[in-house]
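Student: One structure coming up, written as structure tokens, with questions to follow.
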Amino acid sequence: MIKRRLFLTPRARQILTMCVLGLLSYALLIYTGVLGSRSKPPTIITYVTSNAAAKRNLNATLSLLRQSDATLNLRLAVVDKDAHLFGMSASEALQRRPEALQLCRTSATIVIGDSLPKARHVLSALAAGLCTEPRRIVIELYTRFDYGVAEPDLPSYNALIRDLIARRPGNLVWASTTIFEMESMRQKLGVAPPYVLLRPLGVSEQDVDPGSIAITDPRVGLNPALDRSIYSVFIPGEENLDHVTGFSGIPRHVLRMKCYVEFPAKVGGYDVVERLANGVPLVVPSARLMEDLAKQGRHRTFQHFPALYEISERTGKPWHAYVDYYDPNIAPYVHYVDSLDEIVSMIEENSMKAALEFDRERNVRERAPRFFRGSEWRGQVLQKWQQILDLL
């Protein structure tokens with residue numbers, strides 16, 4: 001028999017060799033887990049929250065963690081069907097236990113964000129020793145731990161939280177976006193768990209390049225959702241105001257204005273860090289002015305003074321130590337005012353010269369983004385998330 005040899009031109013041999021090497025390389029990538037999900041299935045992180053800022057924050061966190069470690073295959077699954085439910089009752093939690101157990105079976109990690117009672121069905125299953133599958137169940141407090149729980153149901157809810165604190169399930173991690181949340185729990189229950197202070201990253205829907213937006217508007221931004229007795233002081237200069245209604249994220253036109261005046265309605269959270277991380281010159285009443293307005297009954301949207309005074313009396317620290325707007329890390333980037341007249345003057349000085357001069361000395365527009373997007377703030381936040389998600 002005559003054997004025939006396959007004749008290939010040099011060019012054909014080169015192409016064939018490249019194809020074979022390509023296939024071998026692809027097979028090696030799949031085998032080592034760099035490509036394909038067969039060797040490394042995604043880690044499902046179930047996020048129980050209906051807060052848009054919280055979702056944006058955790059999405060950005062996971063994205064940055066993936067950028068720092070290409071082997072991480074993290075997938076976020078948001079559960080927010082209870083957007084309008086804040087105080088789940090004990091009977092409803094029991095009725096929804098099958099739903100909770102399904103979450104436990106299908107999640108590598110469960111993060112409970114925003115309002116804790118929304119996840120009462122998961123908490124009660126955990127207390128009963130039935131939610132052991134997730135490596136981590138992270139409670140990320142943002143609003144009061146008992147927010148929305150009806151008065152008749154409060155004793156059983158408080159007993160559940162005390163039980164979880166005492167039991168210390170091995171997969172449970174407590175975290176809070178503010179110091180106030182845990183101190184509020186301690187004040188009401190007489191006990192609070194060890195926890196991780198998990199500050200917001202400071203990401204917004206429209207993150208901008210620091211310094212890329214020029215100041216073109218001499219007006220002052222102001223949220224008009226104020227007590228009438230405060231807002232009436234600013235009415236004479238109303239044409240020099242831009243009514244920015246409770247924004248989350250940073251509308252670009254706010255960055256074009258001279259400054260943004262904010263009378264805090266909350267103890268802290270995502271908004272203040274988002275504004276500063278994007279270089280918004282933030283004007284806030286000093287702690288003294290805030291207290292004076294509250295005593296005069298003129299700033300009723302800030303409803304936390306009774307609780308803050310109780311915590312202050314117990315700890316010996318001033319009330320503003322528990323409010324993010326006066327946090328030592330945040331204070332260097334905030335313009336504080338001691339009187340409403342100072343804000344009136346800002347409004348009246350409606351010229352481009354005044355707008356350009358306003359932040360020249362403190363330079364918050366450039367300094368704040370460098371700090372809140374840098375390793376001192378954002379790097380530490382990411383490291384804490386790595387720890388509590390058990391990724392290190």
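Following the order of the structure tokens, first chain is A, next is B, and so on, with residues numbered from 1 inside each chain and ligands from 1 in the order they appear.
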Extract the full set of strand (DSSP E or B) residues from region 171-387 of chain A according to DSSP on the backbone, and format it as a PyMOL selection string.

Tutor: chain A and resi 172-176+196-197+217-222+241-243+257-261+282-285+334-337

Student: Find the residues around Asn51 (chain A) up to 8 Å (only C-alpha atoms counted), leave out those fewer than 3 positions away in its own chain, and share them as a CSV table (one decimal) with C-alpha atoms, in the first residue's frame.

Tutor:
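Listing of around10.csv after writing:
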```csv
chain,number,residue,atom,x,y,z
A,54,ALA,CA,-28.2,51.2,49.6
A,55,LYS,CA,-28.5,49.1,46.4
A,113,GLY,CA,-30.1,46.5,54.6
A,114,ASP,CA,-32.1,49.6,55.4
```

Student: Residues of region 222-314 of chain A within 10 Å of region 185-208 of chain A: nearest atom pair and distance (Å, one decimal) for each, counting only C-alpha atoms, sorted by chain and number, as a Markdown table?

Tutor:
```
| residue | atom | partner | partner_atom | distance |
| --- | --- | --- | --- | --- |
| A:Ser248 | CA | A:Ser204 | CA | 7.5 |
| A:Gly249 | CA | A:Ser204 | CA | 4.4 |
| A:Ile250 | CA | A:Gln206 | CA | 6.0 |
| A:Pro251 | CA | A:Gln206 | CA | 7.1 |
| A:Arg252 | CA | A:Gln206 | CA | 7.8 |
| A:Leu255 | CA | A:Val208 | CA | 9.5 |
| A:Gly268 | CA | A:Arg199 | CA | 10.0 |
| A:Gly269 | CA | A:Pro200 | CA | 7.0 |
| A:Tyr270 | CA | A:Pro200 | CA | 5.6 |
| A:Asp271 | CA | A:Gly202 | CA | 7.9 |
| A:Val272 | CA | A:Gly202 | CA | 8.2 |
| A:Val273 | CA | A:Gly202 | CA | 4.9 |
| A:Glu274 | CA | A:Gly202 | CA | 4.1 |
| A:Arg275 | CA | A:Gly202 | CA | 7.6 |
| A:Leu276 | CA | A:Gly202 | CA | 7.7 |
| A:Ala277 | CA | A:Gly202 | CA | 5.6 |
| A:Asn278 | CA | A:Val208 | CA | 6.3 |
| A:Gly279 | CA | A:Val208 | CA | 8.9 |
| A:Ala307 | CA | A:Gln187 | CA | 8.3 |
| A:Leu308 | CA | A:Gln187 | CA | 9.9 |
| A:Glu310 | CA | A:Gln187 | CA | 7.7 |
| A:Ile311 | CA | A:Gln187 | CA | 6.7 |
| A:Arg314 | CA | A:Gln187 | CA | 8.5 |
```

Student: Need to verify the contact set: Leu282 (chain A), 6 Å, only C-alpha atoms, exclusion of same-chain residues closer than 4 positions in sequence. Can you return it as a VMD selection string?

Tutor: chain A and resid 260 334 to 335

Student: Save out the residues we just selected, N, CA and C atoms, as a compact mmCIF listing (two decimals), in the first residue's frame.

Tutor:
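Saved result, out_9.txt, follows:
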```
# COMPACT_ATOMS: atom_id res chain seq x y z
N TYR A 260 -24.50 74.26 48.25
CA TYR A 260 -25.77 73.61 48.56
C TYR A 260 -25.97 73.66 50.07
N VAL A 334 -16.87 70.40 55.27
CA VAL A 334 -18.20 71.01 55.36
C VAL A 334 -18.05 72.47 55.76
N HIS A 335 -18.86 73.36 55.15
CA HIS A 335 -18.93 74.76 55.55
C HIS A 335 -20.02 74.90 56.63
```

Student: Might you pull out every residue within 7 Å of region 354-361 of chain A, with only C-alpha atoms counted and same-chain residues fewer than 4 positions away left off, and present them as a list in words?

Tutor: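 Answer for this query is Ile215, Pro218, Lys258, Pro281, Glu349 and Asn350 of chain A.
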
Student: Can I get the selection written as a short mmCIF file (atom, residue, chain, number, x, y, z; two decimals), in the first residue's frame, with all heavy atoms?

Tutor:
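The resulting file, part.cif, is reproduced below:
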```cif
data_model
loop_
_atom_site.label_atom_id
_atom_site.label_comp_id
_atom_site.auth_asym_id
_atom_site.auth_seq_id
_atom_site.Cartn_x
_atom_site.Cartn_y
_atom_site.Cartn_z
N ILE A 215 -18.14 76.30 37.60
CA ILE A 215 -19.17 77.04 38.33
C ILE A 215 -19.75 78.08 37.37
O ILE A 215 -19.06 79.00 36.95
CB ILE A 215 -18.57 77.73 39.57
CG1 ILE A 215 -17.86 76.71 40.46
CG2 ILE A 215 -19.65 78.45 40.36
CD1 ILE A 215 -17.00 77.34 41.54
N PRO A 218 -24.60 81.43 39.98
CA PRO A 218 -24.31 82.09 41.27
C PRO A 218 -25.34 81.81 42.35
O PRO A 218 -25.21 82.29 43.49
CB PRO A 218 -24.30 83.57 40.90
CG PRO A 218 -25.26 83.68 39.75
CD PRO A 218 -25.09 82.40 38.98
N LYS A 258 -23.10 77.87 43.43
CA LYS A 258 -22.15 78.35 44.44
C LYS A 258 -21.99 77.34 45.57
O LYS A 258 -20.87 77.02 45.98
CB LYS A 258 -22.62 79.70 44.98
CG LYS A 258 -21.74 80.24 46.11
CD LYS A 258 -21.93 81.71 46.35
CE LYS A 258 -23.34 82.09 46.71
NZ LYS A 258 -23.45 83.53 46.99
N PRO A 281 -19.91 71.81 47.46
CA PRO A 281 -19.64 72.64 48.64
C PRO A 281 -20.89 72.66 49.53
O PRO A 281 -21.89 73.29 49.23
CB PRO A 281 -19.37 74.03 48.04
CG PRO A 281 -19.06 73.79 46.60
CD PRO A 281 -19.88 72.59 46.22
N GLU A 349 -25.58 87.55 48.03
CA GLU A 349 -24.38 87.80 47.23
C GLU A 349 -24.48 87.02 45.92
O GLU A 349 -23.76 86.05 45.68
CB GLU A 349 -23.14 87.40 48.02
CG GLU A 349 -22.89 88.27 49.23
CD GLU A 349 -21.76 87.73 50.10
OE1 GLU A 349 -21.31 86.59 49.86
OE2 GLU A 349 -21.35 88.44 51.04
N ASN A 350 -25.38 87.46 45.08
CA ASN A 350 -25.70 86.71 43.86
C ASN A 350 -24.88 87.23 42.67
O ASN A 350 -25.38 87.92 41.78
CB ASN A 350 -27.20 86.85 43.56
CG ASN A 350 -27.63 85.99 42.38
OD1 ASN A 350 -27.17 84.86 42.25
ND2 ASN A 350 -28.47 86.53 41.51
#
```

Student: Quick one: residues within 12 Å of Phe234 (chain A), only C-alpha atoms counted, chain neighbours fewer than 6 positions away excluded, as an NGL selection string?

Tutor: :A and (220-224 or 226-228 or 240-243 or 261 or 340-348)

Student: Nearest to Ile161 (chain A) among A:Ser176, A:Gln67, A:Ser124, A:Ser115, with distances taken over only C-alpha atoms: which residue is it?

Tutor: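 Ranked by minimum distance to Ile161 (chain A), first place goes to A:Ser124.
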
Student: I'd like the neighbourhood of Thr49 (chain A) as number ranges by chain, where a residue qualifies if any of its atoms comes within 12 Å (using only C-alpha atoms), though same-chain residues fewer than 2 positions away should be ignored.

Tutor: A: 46-47, 51-58, 76-86, 110-119, 139-143

Student: CA of Leu154 (chain A) to CA of Arg120 (chain A): how many Å, to one decimal?

Tutor: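 Result for CA of Leu154 (chain A) versus CA of Arg120 (chain A): 12.1 Å, one decimal.
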
Student: From the list A:Lys295, A:Arg378, A:Arg362, A:Arg105, which residue is nearest Ala331 (chain A) when using only C-alpha atoms?

Tutor: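 Nearest candidate to Ala331 (chain A) out of A:Lys295, A:Arg378, A:Arg362, A:Arg105: A:Arg362.
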